[in-house]
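structure16.txt follows; it contains compact mmCIF, C-alpha atoms and all ligand atoms.
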# COMPACT_ATOMS: atom_id res chain seq x y z
CA MET A 919 -51.51 16.28 -12.66
CA LEU A 920 -50.80 19.58 -14.34
CA PRO A 921 -53.71 21.61 -15.62
CA ARG A 922 -54.15 21.27 -19.39
CA GLY A 923 -51.75 23.28 -21.49
CA LEU A 924 -49.40 24.12 -18.65
CA ASN A 925 -46.73 21.56 -19.35
CA MET A 926 -43.71 23.05 -21.06
CA ARG A 927 -43.36 19.95 -23.14
CA SER A 928 -46.94 20.10 -24.24
CA THR A 929 -47.12 20.14 -28.01
CA ALA A 930 -50.58 21.66 -27.96
CA LYS A 931 -49.17 25.00 -26.79
CA LYS A 932 -46.02 26.91 -27.58
CA PRO A 933 -43.56 26.70 -24.67
CA ILE A 934 -43.96 29.63 -22.32
CA ILE A 935 -40.23 30.18 -22.17
CA SER A 936 -37.84 28.77 -24.68
CA LYS A 937 -34.15 28.04 -24.20
CA GLU A 938 -33.33 29.20 -27.68
CA GLN A 939 -34.80 32.68 -27.59
CA PRO A 940 -31.93 35.08 -28.24
CA GLY A 941 -31.59 38.67 -27.08
CA ASN A 942 -32.14 40.48 -23.85
CA PRO A 943 -34.47 38.45 -21.62
CA CYS A 944 -35.80 41.59 -19.89
CA GLN A 945 -37.10 42.85 -23.24
CA GLU A 946 -37.92 39.45 -24.61
CA LEU A 947 -40.17 38.35 -21.78
CA LEU A 948 -41.61 41.74 -20.98
CA LEU A 949 -44.13 41.52 -23.75
CA ALA A 950 -45.20 38.01 -22.85
CA LEU A 951 -45.44 38.82 -19.17
CA SER A 952 -47.65 41.82 -19.70
CA ASP A 953 -50.17 39.18 -20.68
CA ARG A 954 -51.86 37.98 -17.51
CA GLU A 955 -52.55 34.53 -18.92
CA THR A 956 -48.82 33.89 -19.41
CA THR A 957 -47.98 35.02 -15.89
CA LEU A 958 -50.67 32.75 -14.53
CA ARG A 959 -49.45 29.78 -16.52
CA ILE A 960 -45.91 30.29 -15.21
CA LEU A 961 -47.08 30.61 -11.60
CA ALA A 962 -49.38 27.60 -11.70
CA ASP A 963 -46.99 25.28 -13.55
CA ASP A 964 -44.87 23.24 -11.15
CA ASP A 965 -42.54 21.91 -13.83
CA PRO A 966 -38.96 22.32 -12.47
CA GLU A 967 -37.63 22.75 -16.00
CA LEU A 968 -39.84 25.77 -16.58
CA ARG A 969 -38.81 27.20 -13.22
CA GLY A 970 -35.14 26.65 -14.06
CA LEU A 971 -35.50 28.44 -17.39
CA LEU A 972 -37.35 31.33 -15.80
CA LEU A 973 -34.64 31.73 -13.15
CA ASP A 974 -31.93 31.56 -15.84
CA LYS A 975 -33.62 34.36 -17.78
CA ALA A 976 -34.05 36.45 -14.64
CA GLU A 977 -30.39 35.96 -13.77
CA VAL A 978 -29.20 37.08 -17.21
CA CYS A 979 -31.50 40.11 -17.02
CA ARG A 980 -30.26 41.04 -13.57
CA LEU A 981 -26.58 40.65 -14.50
CA GLU A 982 -27.11 42.86 -17.50
CA VAL A 983 -28.94 45.61 -15.62
CA MET A 984 -27.42 45.43 -12.13
CA GLY A 985 -24.24 43.43 -12.39
CA LYS A 986 -23.08 41.07 -9.67
CA GLN A 987 -23.52 43.34 -6.72
CA VAL A 988 -25.74 42.41 -3.81
CA TYR A 989 -26.54 45.31 -1.50
CA PRO A 990 -26.55 44.64 2.24
CA ARG A 991 -28.79 46.34 4.82
CA ALA A 992 -27.82 46.00 8.47
CA LEU A 993 -31.12 44.97 10.01
CA ILE A 994 -31.91 46.23 13.50
CA GLU A 995 -35.22 44.94 14.81
CA PHE A 996 -35.37 47.54 17.53
CA SER A 997 -38.74 46.70 19.08
CA ASN A 998 -41.21 43.82 19.05
CA GLN A 999 -43.97 45.86 20.65
CA CYS A 1000 -46.98 46.10 18.39
CA ALA A 1001 -50.39 47.70 18.72
CA LEU A 1002 -51.77 45.94 15.66
CA ASN A 1003 -53.24 42.48 15.47
CA CYS A 1004 -52.42 41.05 12.02
CA PHE A 1005 -53.78 37.49 12.00
CA TYR A 1006 -50.53 36.00 10.65
CA CYS A 1007 -47.82 37.63 12.76
CA GLY A 1008 -46.28 36.48 16.04
CA LEU A 1009 -45.72 40.08 17.17
CA ARG A 1010 -49.45 40.81 17.13
CA ARG A 1011 -50.78 42.64 20.18
CA ASP A 1012 -52.81 39.70 21.48
CA ASN A 1013 -49.88 37.28 21.52
CA SER A 1014 -49.21 37.28 25.24
CA ASP A 1015 -46.56 34.55 25.05
CA LEU A 1016 -43.89 37.03 24.07
CA LEU A 1017 -41.48 39.06 26.15
CA ARG A 1018 -41.65 42.55 24.71
CA TYR A 1019 -38.54 44.69 24.30
CA HIS A 1020 -37.62 48.11 22.96
CA LEU A 1021 -33.99 49.13 22.43
CA SER A 1022 -32.86 52.60 23.54
CA VAL A 1023 -31.53 55.32 21.22
CA ASP A 1024 -28.00 54.69 22.52
CA GLU A 1025 -28.24 50.95 21.91
CA ILE A 1026 -29.44 51.45 18.34
CA VAL A 1027 -26.76 54.05 17.57
CA GLU A 1028 -24.11 51.73 18.99
CA LEU A 1029 -25.31 48.86 16.76
CA ALA A 1030 -25.43 51.20 13.76
CA LEU A 1031 -21.83 52.23 14.38
CA GLN A 1032 -20.75 48.60 14.61
CA ALA A 1033 -22.48 48.01 11.27
CA TRP A 1034 -20.79 51.08 9.76
CA ASP A 1035 -17.37 49.82 10.85
CA MET A 1036 -18.10 46.48 9.19
CA GLY A 1037 -18.71 48.32 5.90
CA LEU A 1038 -22.50 48.16 6.13
CA HIS A 1039 -23.45 51.65 5.02
CA SER A 1040 -27.18 51.06 4.80
CA LEU A 1041 -29.37 50.36 7.76
CA ALA A 1042 -32.88 48.91 7.96
CA LEU A 1043 -34.71 49.85 11.15
CA GLN A 1044 -37.70 47.60 11.73
CA SER A 1045 -40.24 47.22 14.52
CA GLY A 1046 -43.83 46.42 15.35
CA GLU A 1047 -46.19 49.34 15.24
CA VAL A 1048 -45.69 51.20 18.50
CA HIS A 1049 -48.65 53.49 19.16
CA ASP A 1050 -47.16 55.94 21.59
CA GLU A 1051 -46.83 59.68 21.05
CA ASN A 1052 -43.13 59.45 21.87
CA GLU A 1053 -42.36 56.79 19.27
CA VAL A 1054 -42.02 58.95 16.15
CA PRO A 1055 -39.84 61.52 17.99
CA PHE A 1056 -37.81 58.55 19.24
CA VAL A 1057 -37.19 57.23 15.71
CA ILE A 1058 -36.45 60.78 14.49
CA GLU A 1059 -33.77 61.06 17.16
CA VAL A 1060 -32.33 57.67 16.19
CA VAL A 1061 -32.17 58.68 12.53
CA LYS A 1062 -30.52 62.03 13.32
CA ARG A 1063 -28.01 60.52 15.73
CA VAL A 1064 -27.05 57.74 13.31
CA LYS A 1065 -26.62 60.29 10.53
CA GLN A 1066 -24.48 62.56 12.72
CA ALA A 1067 -22.34 59.71 13.96
CA THR A 1068 -21.61 58.42 10.46
CA SER A 1069 -21.26 61.67 8.47
CA ARG A 1070 -18.29 63.07 10.34
CA ASP A 1071 -15.93 63.08 7.39
CA GLY A 1072 -18.28 65.09 5.18
CA THR A 1073 -19.86 62.02 3.55
CA SER A 1074 -23.60 61.46 3.46
CA GLY A 1075 -23.29 58.89 6.23
CA MET A 1076 -25.51 55.89 6.73
CA GLY A 1077 -28.35 55.21 4.27
CA ILE A 1078 -31.49 54.56 6.29
CA THR A 1079 -34.52 52.41 5.44
CA LEU A 1080 -37.46 52.40 7.81
CA SER A 1081 -40.03 49.64 8.23
CA ILE A 1082 -42.15 50.74 11.15
CA GLY A 1083 -45.66 50.48 9.74
CA GLU A 1084 -48.56 52.82 9.08
CA LEU A 1085 -48.07 56.46 10.11
CA GLY A 1086 -49.57 59.81 9.17
CA PHE A 1087 -48.25 62.11 6.45
CA ASP A 1088 -46.57 64.49 8.92
CA ALA A 1089 -44.77 61.69 10.73
CA TYR A 1090 -43.48 60.21 7.47
CA ARG A 1091 -42.33 63.65 6.36
CA ALA A 1092 -40.58 64.39 9.66
CA LEU A 1093 -38.71 61.07 9.44
CA PHE A 1094 -37.73 61.84 5.85
CA GLU A 1095 -36.48 65.29 6.83
CA ALA A 1096 -34.48 63.71 9.66
CA GLY A 1097 -32.58 61.66 7.06
CA ALA A 1098 -34.43 58.40 6.37
CA HIS A 1099 -34.77 57.99 2.62
CA ARG A 1100 -36.25 54.54 2.02
CA TYR A 1101 -39.43 53.02 3.47
CA LEU A 1102 -40.81 49.50 3.35
CA LEU A 1103 -44.51 48.92 3.86
CA ARG A 1104 -45.84 45.68 2.47
CA ILE A 1105 -49.36 45.60 1.14
CA GLU A 1106 -49.26 41.89 2.22
CA THR A 1107 -51.71 41.04 -0.58
CA SER A 1108 -53.06 43.33 -3.28
CA ASP A 1109 -56.44 41.61 -3.06
CA PRO A 1110 -58.75 43.68 -0.83
CA ASP A 1111 -60.85 40.63 0.17
CA LEU A 1112 -57.85 38.54 1.13
CA PHE A 1113 -56.43 41.55 2.99
CA ARG A 1114 -59.65 41.70 4.99
CA ARG A 1115 -59.43 37.99 5.80
CA ILE A 1116 -55.95 38.30 7.30
CA HIS A 1117 -56.44 41.51 9.27
CA PRO A 1118 -58.94 42.62 11.90
CA PRO A 1119 -61.60 45.14 10.76
CA SER A 1120 -59.67 48.02 12.39
CA GLN A 1121 -56.85 47.59 9.83
CA SER A 1122 -57.86 48.62 6.35
CA TYR A 1123 -56.53 48.03 2.87
CA GLU A 1124 -57.39 51.62 1.95
CA ARG A 1125 -55.28 52.94 4.81
CA ARG A 1126 -52.27 50.91 3.58
CA LEU A 1127 -52.71 52.41 0.11
CA GLU A 1128 -52.99 55.86 1.61
CA CYS A 1129 -49.70 55.33 3.49
CA LEU A 1130 -47.97 54.13 0.32
CA SER A 1131 -49.15 57.22 -1.54
CA TYR A 1132 -47.90 59.50 1.28
CA LEU A 1133 -44.48 57.84 1.13
CA LYS A 1134 -44.28 58.38 -2.62
CA GLU A 1135 -45.45 61.95 -2.41
CA ILE A 1136 -42.82 62.79 0.22
CA GLY A 1137 -40.04 61.42 -1.95
CA TYR A 1138 -39.00 58.19 -0.27
CA GLN A 1139 -37.70 55.24 -2.22
CA VAL A 1140 -40.80 53.14 -1.63
CA GLY A 1141 -40.85 49.42 -1.08
CA THR A 1142 -43.79 47.12 -0.72
CA GLY A 1143 -44.43 43.39 -1.03
CA VAL A 1144 -46.60 40.43 -0.25
CA MET A 1145 -46.57 37.07 1.46
CA VAL A 1146 -46.80 34.05 -0.82
CA GLY A 1147 -48.83 31.00 0.17
CA LEU A 1148 -51.34 32.60 2.51
CA PRO A 1149 -54.31 30.35 3.32
CA GLY A 1150 -56.87 30.81 0.58
CA GLN A 1151 -54.50 32.79 -1.69
CA SER A 1152 -54.73 31.94 -5.39
CA TYR A 1153 -52.33 32.19 -8.33
CA GLU A 1154 -54.69 34.80 -9.77
CA GLN A 1155 -54.16 36.94 -6.69
CA LEU A 1156 -50.38 36.53 -7.00
CA ALA A 1157 -50.52 37.56 -10.66
CA SER A 1158 -52.50 40.62 -9.52
CA ASP A 1159 -49.80 41.36 -6.93
CA LEU A 1160 -47.23 41.64 -9.73
CA GLU A 1161 -49.58 43.98 -11.60
CA PHE A 1162 -50.04 46.00 -8.42
CA PHE A 1163 -46.25 46.50 -8.04
CA ARG A 1164 -46.02 47.73 -11.61
CA ALA A 1165 -49.06 49.99 -11.31
CA TRP A 1166 -47.60 51.59 -8.17
CA ASP A 1167 -44.25 51.95 -9.90
CA ILE A 1168 -42.47 50.81 -6.76
CA ASP A 1169 -38.73 51.11 -6.15
CA MET A 1170 -38.16 48.16 -3.84
CA LEU A 1171 -39.80 44.81 -3.29
CA GLY A 1172 -39.85 42.35 -0.40
CA MET A 1173 -41.68 39.06 -0.85
CA GLY A 1174 -41.46 35.97 1.26
CA PRO A 1175 -43.39 32.78 1.81
CA TYR A 1176 -46.01 32.92 4.54
CA ILE A 1177 -44.80 30.83 7.49
CA THR A 1178 -47.25 29.90 10.22
CA HIS A 1179 -46.74 31.11 13.74
CA PRO A 1180 -48.55 28.84 16.22
CA GLY A 1181 -49.70 31.76 18.38
CA THR A 1182 -51.75 33.37 15.63
CA PRO A 1183 -55.34 32.98 14.40
CA LEU A 1184 -54.21 32.32 10.81
CA SER A 1185 -52.30 29.22 11.94
CA ARG A 1186 -55.70 27.61 12.59
CA SER A 1187 -57.02 28.34 9.10
CA ARG A 1188 -58.07 25.28 7.13
CA LEU A 1189 -58.17 27.09 3.79
CA PRO A 1190 -55.99 25.51 1.08
CA ILE A 1191 -52.46 26.75 0.48
CA ILE A 1192 -50.83 26.73 -2.98
CA ALA A 1193 -48.74 23.65 -3.65
CA HIS A 1194 -45.18 25.02 -3.50
CA PRO A 1195 -44.83 28.36 -1.67
CA PHE A 1196 -41.02 28.29 -1.88
CA ALA A 1197 -40.85 27.64 -5.63
CA THR A 1198 -43.70 30.08 -6.22
CA THR A 1199 -41.89 32.82 -4.28
CA LEU A 1200 -38.82 32.23 -6.47
CA LYS A 1201 -40.98 32.55 -9.56
CA MET A 1202 -42.56 35.74 -8.21
CA ILE A 1203 -39.06 37.20 -7.69
CA ALA A 1204 -37.96 36.18 -11.18
CA LEU A 1205 -41.13 37.59 -12.77
CA ALA A 1206 -40.67 40.84 -10.82
CA ARG A 1207 -37.03 41.09 -11.92
CA LEU A 1208 -37.91 40.52 -15.56
CA THR A 1209 -40.75 43.02 -15.60
CA MET A 1210 -39.21 45.65 -13.29
CA PRO A 1211 -35.51 45.21 -14.06
CA GLU A 1212 -34.20 48.18 -12.09
CA ILE A 1213 -35.95 47.84 -8.75
CA ASN A 1214 -34.23 46.51 -5.64
CA ILE A 1215 -35.54 43.11 -4.56
CA VAL A 1216 -34.73 41.65 -1.19
CA CYS A 1217 -33.87 38.00 -0.62
CA SER A 1218 -36.17 37.76 2.39
CA THR A 1219 -35.38 36.02 5.64
CA ALA A 1220 -38.58 34.01 5.27
CA LEU A 1221 -37.33 32.62 1.94
CA GLN A 1222 -34.07 31.63 3.61
CA THR A 1223 -35.93 30.19 6.60
CA ILE A 1224 -38.12 27.71 4.74
CA ASN A 1225 -35.40 26.29 2.52
CA PRO A 1226 -31.60 26.09 2.90
CA ALA A 1227 -31.31 27.00 -0.80
CA GLY A 1228 -33.31 30.19 -0.21
CA LEU A 1229 -30.32 32.50 -0.44
CA SER A 1230 -28.72 30.98 -3.52
CA LEU A 1231 -31.96 30.55 -5.46
CA GLY A 1232 -33.32 33.92 -4.32
CA ILE A 1233 -30.20 35.65 -5.67
CA LYS A 1234 -30.37 33.62 -8.85
CA ALA A 1235 -34.02 34.57 -9.32
CA GLY A 1236 -33.04 38.23 -9.21
CA ALA A 1237 -32.91 39.39 -5.59
CA ASN A 1238 -30.15 41.95 -5.09
CA VAL A 1239 -30.55 42.95 -1.44
CA VAL A 1240 -29.74 40.96 1.71
CA MET A 1241 -30.21 41.85 5.34
CA PRO A 1242 -27.47 40.75 7.73
CA VAL A 1243 -28.92 40.99 11.21
CA MET A 1244 -27.58 43.29 13.91
CA THR A 1245 -30.43 42.72 16.39
CA PRO A 1246 -28.82 41.74 19.72
CA ASP A 1247 -28.71 37.96 20.25
CA GLU A 1248 -30.83 38.11 23.39
CA HIS A 1249 -33.77 39.65 21.50
CA ARG A 1250 -33.71 37.66 18.27
CA ARG A 1251 -36.03 34.93 19.51
CA GLU A 1252 -38.45 37.58 20.70
CA TYR A 1253 -38.71 39.15 17.25
CA SER A 1254 -40.73 36.18 16.14
CA LEU A 1255 -42.83 37.23 13.17
CA TYR A 1256 -43.07 33.53 12.35
CA ALA A 1257 -41.72 30.22 13.66
CA HIS A 1258 -38.01 29.25 13.51
CA LYS A 1259 -36.88 32.51 11.91
CA LYS A 1260 -33.37 32.08 10.56
CA TYR A 1261 -30.69 34.73 10.89
CA SER A 1262 -27.65 35.21 8.68
CA SER A 1263 -24.51 36.95 9.85
CA LEU A 1264 -22.58 39.26 7.55
CA ASP A 1265 -19.61 36.88 7.36
CA ARG A 1266 -21.77 33.99 6.30
CA LEU A 1267 -23.66 36.04 3.75
CA VAL A 1268 -20.44 37.43 2.25
CA LYS A 1269 -19.01 33.94 1.92
CA ASN A 1270 -22.16 32.31 0.57
CA ILE A 1271 -22.72 35.11 -1.91
CA ALA A 1272 -19.10 34.97 -3.11
CA ASP A 1273 -19.53 31.21 -3.59
CA LEU A 1274 -22.43 32.00 -5.93
CA GLY A 1275 -20.19 34.27 -8.01
CA TYR A 1276 -21.81 37.44 -6.69
CA GLU A 1277 -20.36 40.13 -4.46
CA VAL A 1278 -21.66 41.90 -1.35
CA ALA A 1279 -21.28 45.63 -2.05
CA LEU A 1280 -19.79 47.04 1.14
CA ASP A 1281 -19.37 50.77 1.84
CA SER A 1282 -22.26 51.79 -0.40
CA TRP A 1283 -25.94 52.69 -0.07
CA GLY A 1284 -27.11 50.51 -2.90
CA ASP A 1285 -30.11 52.66 -3.74
CA SER A 1286 -32.85 51.65 -6.14
CA ARG A 1287 -31.93 52.52 -9.73
CA HIS A 1288 -35.60 52.62 -10.55
CA TYR A 1289 -36.14 55.48 -8.09
CA PHE A 1290 -33.56 57.67 -9.85
CA LYS A 1291 -35.00 56.82 -13.22
CA ARG A 1292 -38.55 57.75 -12.25
CA GLN A 1293 -37.26 61.02 -10.74
CA GLY A 1294 -35.34 61.78 -13.94
CA LEU A 1295 -32.04 61.77 -12.03
CA ALA A 1296 -28.70 60.17 -12.80
CA TYR A 1297 -27.92 57.13 -10.64
CA PRO A 1298 -25.23 58.26 -8.20
CA VAL A 1299 -21.89 56.48 -8.10
CA GLN A 1300 -22.32 54.40 -4.94
N1 LIG B 1 -44.65 46.17 11.69
C1 LIG B 1 -44.06 46.50 10.43
C2 LIG B 1 -42.75 45.82 10.17
C3 LIG B 1 -42.54 44.47 10.79
S1 LIG B 1 -43.45 43.16 10.09
C4 LIG B 1 -45.05 46.19 9.33
O1 LIG B 1 -45.97 45.41 9.56
O2 LIG B 1 -44.88 46.75 8.25
C5 LIG B 1 -42.58 42.93 8.56
C6 LIG B 1 -43.22 41.95 7.63
O3 LIG B 1 -43.14 40.64 8.17
C7 LIG B 1 -44.69 42.12 7.36
O4 LIG B 1 -44.90 43.11 6.39
C8 LIG B 1 -45.11 40.73 6.89
O5 LIG B 1 -45.18 40.64 5.48
C9 LIG B 1 -44.00 39.82 7.41
N2 LIG B 1 -44.57 38.74 8.23
C10 LIG B 1 -45.28 38.87 9.37
N3 LIG B 1 -45.73 37.66 9.76
C11 LIG B 1 -45.31 36.76 8.85
C12 LIG B 1 -45.45 35.35 8.70
N4 LIG B 1 -46.17 34.62 9.56
N5 LIG B 1 -44.86 34.75 7.64
C13 LIG B 1 -44.14 35.47 6.76
N6 LIG B 1 -43.96 36.80 6.84
C14 LIG B 1 -44.55 37.45 7.87
FE1 LIG B 2 -47.37 44.28 13.99
FE2 LIG B 2 -46.13 44.35 11.58
FE3 LIG B 2 -46.65 42.02 12.83
FE4 LIG B 2 -48.68 43.40 11.85
S1 LIG B 2 -46.99 42.48 10.65
S2 LIG B 2 -48.62 42.44 13.89
S3 LIG B 2 -47.98 45.49 12.22
S4 LIG B 2 -45.27 43.61 13.51
Could you take the file, read its structure, and then write that structure out as structure tokens?
Ligand code: SAH
Ligand code: SF4
Amino acid sequence: MLPRGLNMRSTAKKPIISKEQPGNPCQELLLALSDRETTLRILADDDPELRGLLLDKAEVCRLEVMGKQVYPRALIEFSNQCALNCFYCGLRRDNSDLLRYHLSVDEIVELALQAWDMGLHSLALQSGEVHDENEVPFVIEVVKRVKQATSRDGTSGMGITLSIGELGFDAYRALFEAGAHRYLLRIETSDPDLFRRIHPPSQSYERRLECLSYLKEIGYQVGTGVMVGLPGQSYEQLASDLEFFRAWDIDMLGMGPYITHPGTPLSRSRLPIIAHPFATTLKMIALARLTMPEINIVCSTALQTINPAGLSLGIKAGANVVMPVMTPDEHRREYSLYAHKKYSSLDRLVKNIADLGYEVALDSWGDSRHYFKRQGLAYPVQ
């Protein structure tokens, strides 16, 4: 049973989204979506027709603002070592059922060069949070070596995104000066109480915010995001997440459904989970696209893992970034953030995306348009 007033066909209330509305859907829905009540109604309504209309609007908006290009990031998960203990993640320190690995600088540079030769000119370097005084210098060396190896012909070389967790201001700045220019650090949930329920007391919400503000201050293109369908998470909290992204004026967004990992404390939670995490994630992507038309939104691996239609519907909902994986085969199983993680090769992504009528943009950085806009700069020809 739908809550009262949430059915699209309900005559008591005007439809939330109408097929007939003319004009630019980004503009048209922006007003409505700045109203929290409307966002909540869309998130809580499990009517497939409403979802279909929302995704249609998001697709039109995205095509108008971004075109058909989908930007790839060659993903290298270079270490699964982690000093933190997030309650939801298989890489957490206390998960002793995991063989830990850490690639060398040479191995990472070699993989980056392979990616470059395949036309992947943006790299995402991801790892657990390695608390070792040599780790930041290590990543700095990786960034510099990848830049040197790919800038030989006077071009700006490989675009580099980092996703290596919470660091201090000086470390973030040193990595930026070495050549990394995008950084992903998910807030996981914008609700401080829920954040506290899914992390140990040593990991604080305030520290995450502090890191995000450092990244912005330094000049990175800043990405954040949340998991959808966490135990105890409500639609209200998800609506607040969308408000959080707008308030922080973020450049990039990564959202995926929460997927349990049996070796984690959160897998034993008995708190209720929203009815349709997959469909809700799609709606979150579409709502983000409509309200923040120029940001980059990733079609997350988690979305593609829980449903075979994750790629096609994620792109339709407005995602414009994909991450073909370059992590060596022998380590993929060990980078187990969650169970049964699915990997997509570049060839498969290119084909599947072409089948959808979109196009993987090779040989380009695919930066966030929003970043250039907020800096008052022209978007470079990529
Ligand atoms: N250690 C870094 C990067 C690796 S984790 C960091 O934490 O930022 C990357 C992301 O994986 C996390 O931000 C989290 O949102 C996601 N993740 C971890 N465990 C997950 C799970 N069980 N289900 C879905 N996503 C998960
Ligand atoms: Fe470590 Fe990141 Fe997993 Fe947390 S989410 S345990 S920081 S890898």
Smallest atom-to-atom distance to Ser1081 (chain A): which of A:Gly1284, A:Gly985, A:Gly1172, A:Pro1298, using all atoms listed in the file? A:Gly1172
Would you write out, as a tab-separated table, a table of all residues in chain A that have an atom no more than 7 Å from an atom of ligand LIG 1 (chain B), listing for each the closest atom pair and the distance in Å to one decimal, considering only C-alpha atoms and all ligand atoms and ordering rows by chain and rising residue number?
residue	atom	partner	partner_atom	distance
A:Tyr1006	CA	B:LIG1	N4	4.7
A:Cys1007	CA	B:LIG1	N3	3.7
A:Gly1008	CA	B:LIG1	N3	6.4
A:Gln1044	CA	B:LIG1	C2	5.6
A:Ser1045	CA	B:LIG1	C3	5.2
A:Gly1046	CA	B:LIG1	N1	3.8
A:Glu1047	CA	B:LIG1	N1	5.0
A:Ser1081	CA	B:LIG1	C2	5.1
A:Ile1082	CA	B:LIG1	C1	4.7
A:Gly1083	CA	B:LIG1	O2	4.1
A:Leu1102	CA	B:LIG1	O2	6.9
A:Leu1103	CA	B:LIG1	O2	4.9
A:Arg1104	CA	B:LIG1	O4	4.8
A:Glu1106	CA	B:LIG1	O5	5.4
A:Val1144	CA	B:LIG1	O5	5.9
A:Met1145	CA	B:LIG1	O5	5.6
A:Gly1174	CA	B:LIG1	C13	6.1
A:Pro1175	CA	B:LIG1	C13	5.7
A:Tyr1176	CA	B:LIG1	N5	3.8
A:Ile1177	CA	B:LIG1	N5	3.9
A:Thr1178	CA	B:LIG1	N4	4.9
A:His1179	CA	B:LIG1	N4	5.5
A:Ala1220	CA	B:LIG1	C13	5.9
A:Leu1255	CA	B:LIG1	N3	4.5
A:Tyr1256	CA	B:LIG1	N4	4.3
If I wrap all listed atoms of ligand LIG 2 (chain B) in a box with edges along x, y and z and add 8 Å on each side, what are its centre and edge lengths in Å to one decimal, as AutoDock Vina command-line options?
--center_x -47.0 --center_y 43.8 --center_z 12.3 --size_x 19.4 --size_y 19.5 --size_z 19.3
Name all residues at most 8 Å from Arg1018 (chain A) (count only C-alpha atoms; drop same-chain ones fewer than 3 positions away) and give them as a VMD selection string. chain A and resid 997 to 999 1252
Any idea what's packed within 8 Å of Arg1010 (chain A), counting all atoms listed in the file, ignoring anything in its chain fewer than 4 positions away? Could you give it as a list in words?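 Residues near the query, excluding close chain neighbours: Cys1000, Ala1001, Leu1002, Asn1003, Cys1004, Phe1005 and Thr1182 of chain A.
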Please produce a file of the residues just selected, as a JSON list (two decimals), keeping the file's coordinate frame, where the atoms kept are C-alpha atoms.
[["chain", "number", "residue", "atom", "x", "y", "z"],
["A", 1000, "CYS", "CA", -46.98, 46.10, 18.39],
["A", 1001, "ALA", "CA", -50.39, 47.70, 18.72],
["A", 1002, "LEU", "CA", -51.77, 45.94, 15.66],
["A", 1003, "ASN", "CA", -53.24, 42.48, 15.47],
["A", 1004, "CYS", "CA", -52.42, 41.05, 12.02],
["A", 1005, "PHE", "CA", -53.78, 37.49, 12.00],
["A", 1182, "THR", "CA", -51.75, 33.37, 15.63]]
Go through A:Met1241, A:Ile960, A:Met1202, A:Ala1096 and flag the residue nearest Glu1161 (chain A), using all atoms listed in the file for the distances.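 The shortest atom-to-atom distance to Glu1161 (chain A) comes from A:Met1202.
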CA of Pro990 (chain A) to CA of Leu1229 (chain A), distance in Å rounded to a single decimal: 13.0 Å
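Here the question is which of A:His1049, A:His1039, A:Arg1100, A:Lys1269 gets nearest to ligand LIG 2 (chain B) using all atoms listed in the file, and that residue is A:His1049.
Reported to one decimal place, the separation of CA of Ala992 (chain A) from CA of Leu1171 (chain A) is 16.8 Å.
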So how far away is CA of Arg1287 (chain A) from CA of Lys1134 (chain A), in Å? 15.4 Å
Might you pull out every residue within 8 Å of Gly1236 (chain A), with all atoms listed in the file counted and same-chain residues fewer than 2 positions away left off, and present them as a CSV table (one decimal) with C-alpha atoms, keeping the file's coordinate frame?
chain,number,residue,atom,x,y,z
A,973,LEU,CA,-34.6,31.7,-13.2
A,976,ALA,CA,-34.0,36.4,-14.6
A,977,GLU,CA,-30.4,36.0,-13.8
A,980,ARG,CA,-30.3,41.0,-13.6
A,1203,ILE,CA,-39.1,37.2,-7.7
A,1204,ALA,CA,-38.0,36.2,-11.2
A,1207,ARG,CA,-37.0,41.1,-11.9
A,1215,ILE,CA,-35.5,43.1,-4.6
A,1232,GLY,CA,-33.3,33.9,-4.3
A,1233,ILE,CA,-30.2,35.6,-5.7
A,1234,LYS,CA,-30.4,33.6,-8.8
A,1238,ASN,CA,-30.2,42.0,-5.1
Residues near Tyr1153 (chain A), cut-off 8 Å, only C-alpha atoms, skip fewer than 4 positions along chain, as a list in words: Leu958, Leu961, Ala962, Ala1157 and Ile1192 of chain A
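Closest to ligand LIG 2 (chain B) among A:Trp1166, A:Phe996, A:Phe1087, A:Tyr989 is A:Phe996, based on only C-alpha atoms and all ligand atoms.
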Please return, as number ranges by chain, all polymer residues that have at least one atom within 9 Å of the point (-25.1, 58.8, 6.8); use all atoms listed in the file and the file's own coordinate frame. A: 1039-1040, 1064-1070, 1073-1078, 1097
Please produce a file of the residues just selected, as a PDB file, keeping the file's coordinate frame, where the atoms kept are C-alpha atoms.
ATOM      1  CA  HIS A1039     -23.450  51.650   5.020  1.00  0.00           C
ATOM      2  CA  SER A1040     -27.180  51.060   4.800  1.00  0.00           C
ATOM      3  CA  VAL A1064     -27.050  57.740  13.310  1.00  0.00           C
ATOM      4  CA  LYS A1065     -26.620  60.290  10.530  1.00  0.00           C
ATOM      5  CA  GLN A1066     -24.480  62.560  12.720  1.00  0.00           C
ATOM      6  CA  ALA A1067     -22.340  59.710  13.960  1.00  0.00           C
ATOM      7  CA  THR A1068     -21.610  58.420  10.460  1.00  0.00           C
ATOM      8  CA  SER A1069     -21.260  61.670   8.470  1.00  0.00           C
ATOM      9  CA  ARG A1070     -18.290  63.070  10.340  1.00  0.00           C
ATOM     10  CA  THR A1073     -19.860  62.020   3.550  1.00  0.00           C
ATOM     11  CA  SER A1074     -23.600  61.460   3.460  1.00  0.00           C
ATOM     12  CA  GLY A1075     -23.290  58.890   6.230  1.00  0.00           C
ATOM     13  CA  MET A1076     -25.510  55.890   6.730  1.00  0.00           C
ATOM     14  CA  GLY A1077     -28.350  55.210   4.270  1.00  0.00           C
ATOM     15  CA  ILE A1078     -31.490  54.560   6.290  1.00  0.00           C
ATOM     16  CA  GLY A1097     -32.580  61.660   7.060  1.00  0.00           C
TER      17      GLY A1097
END
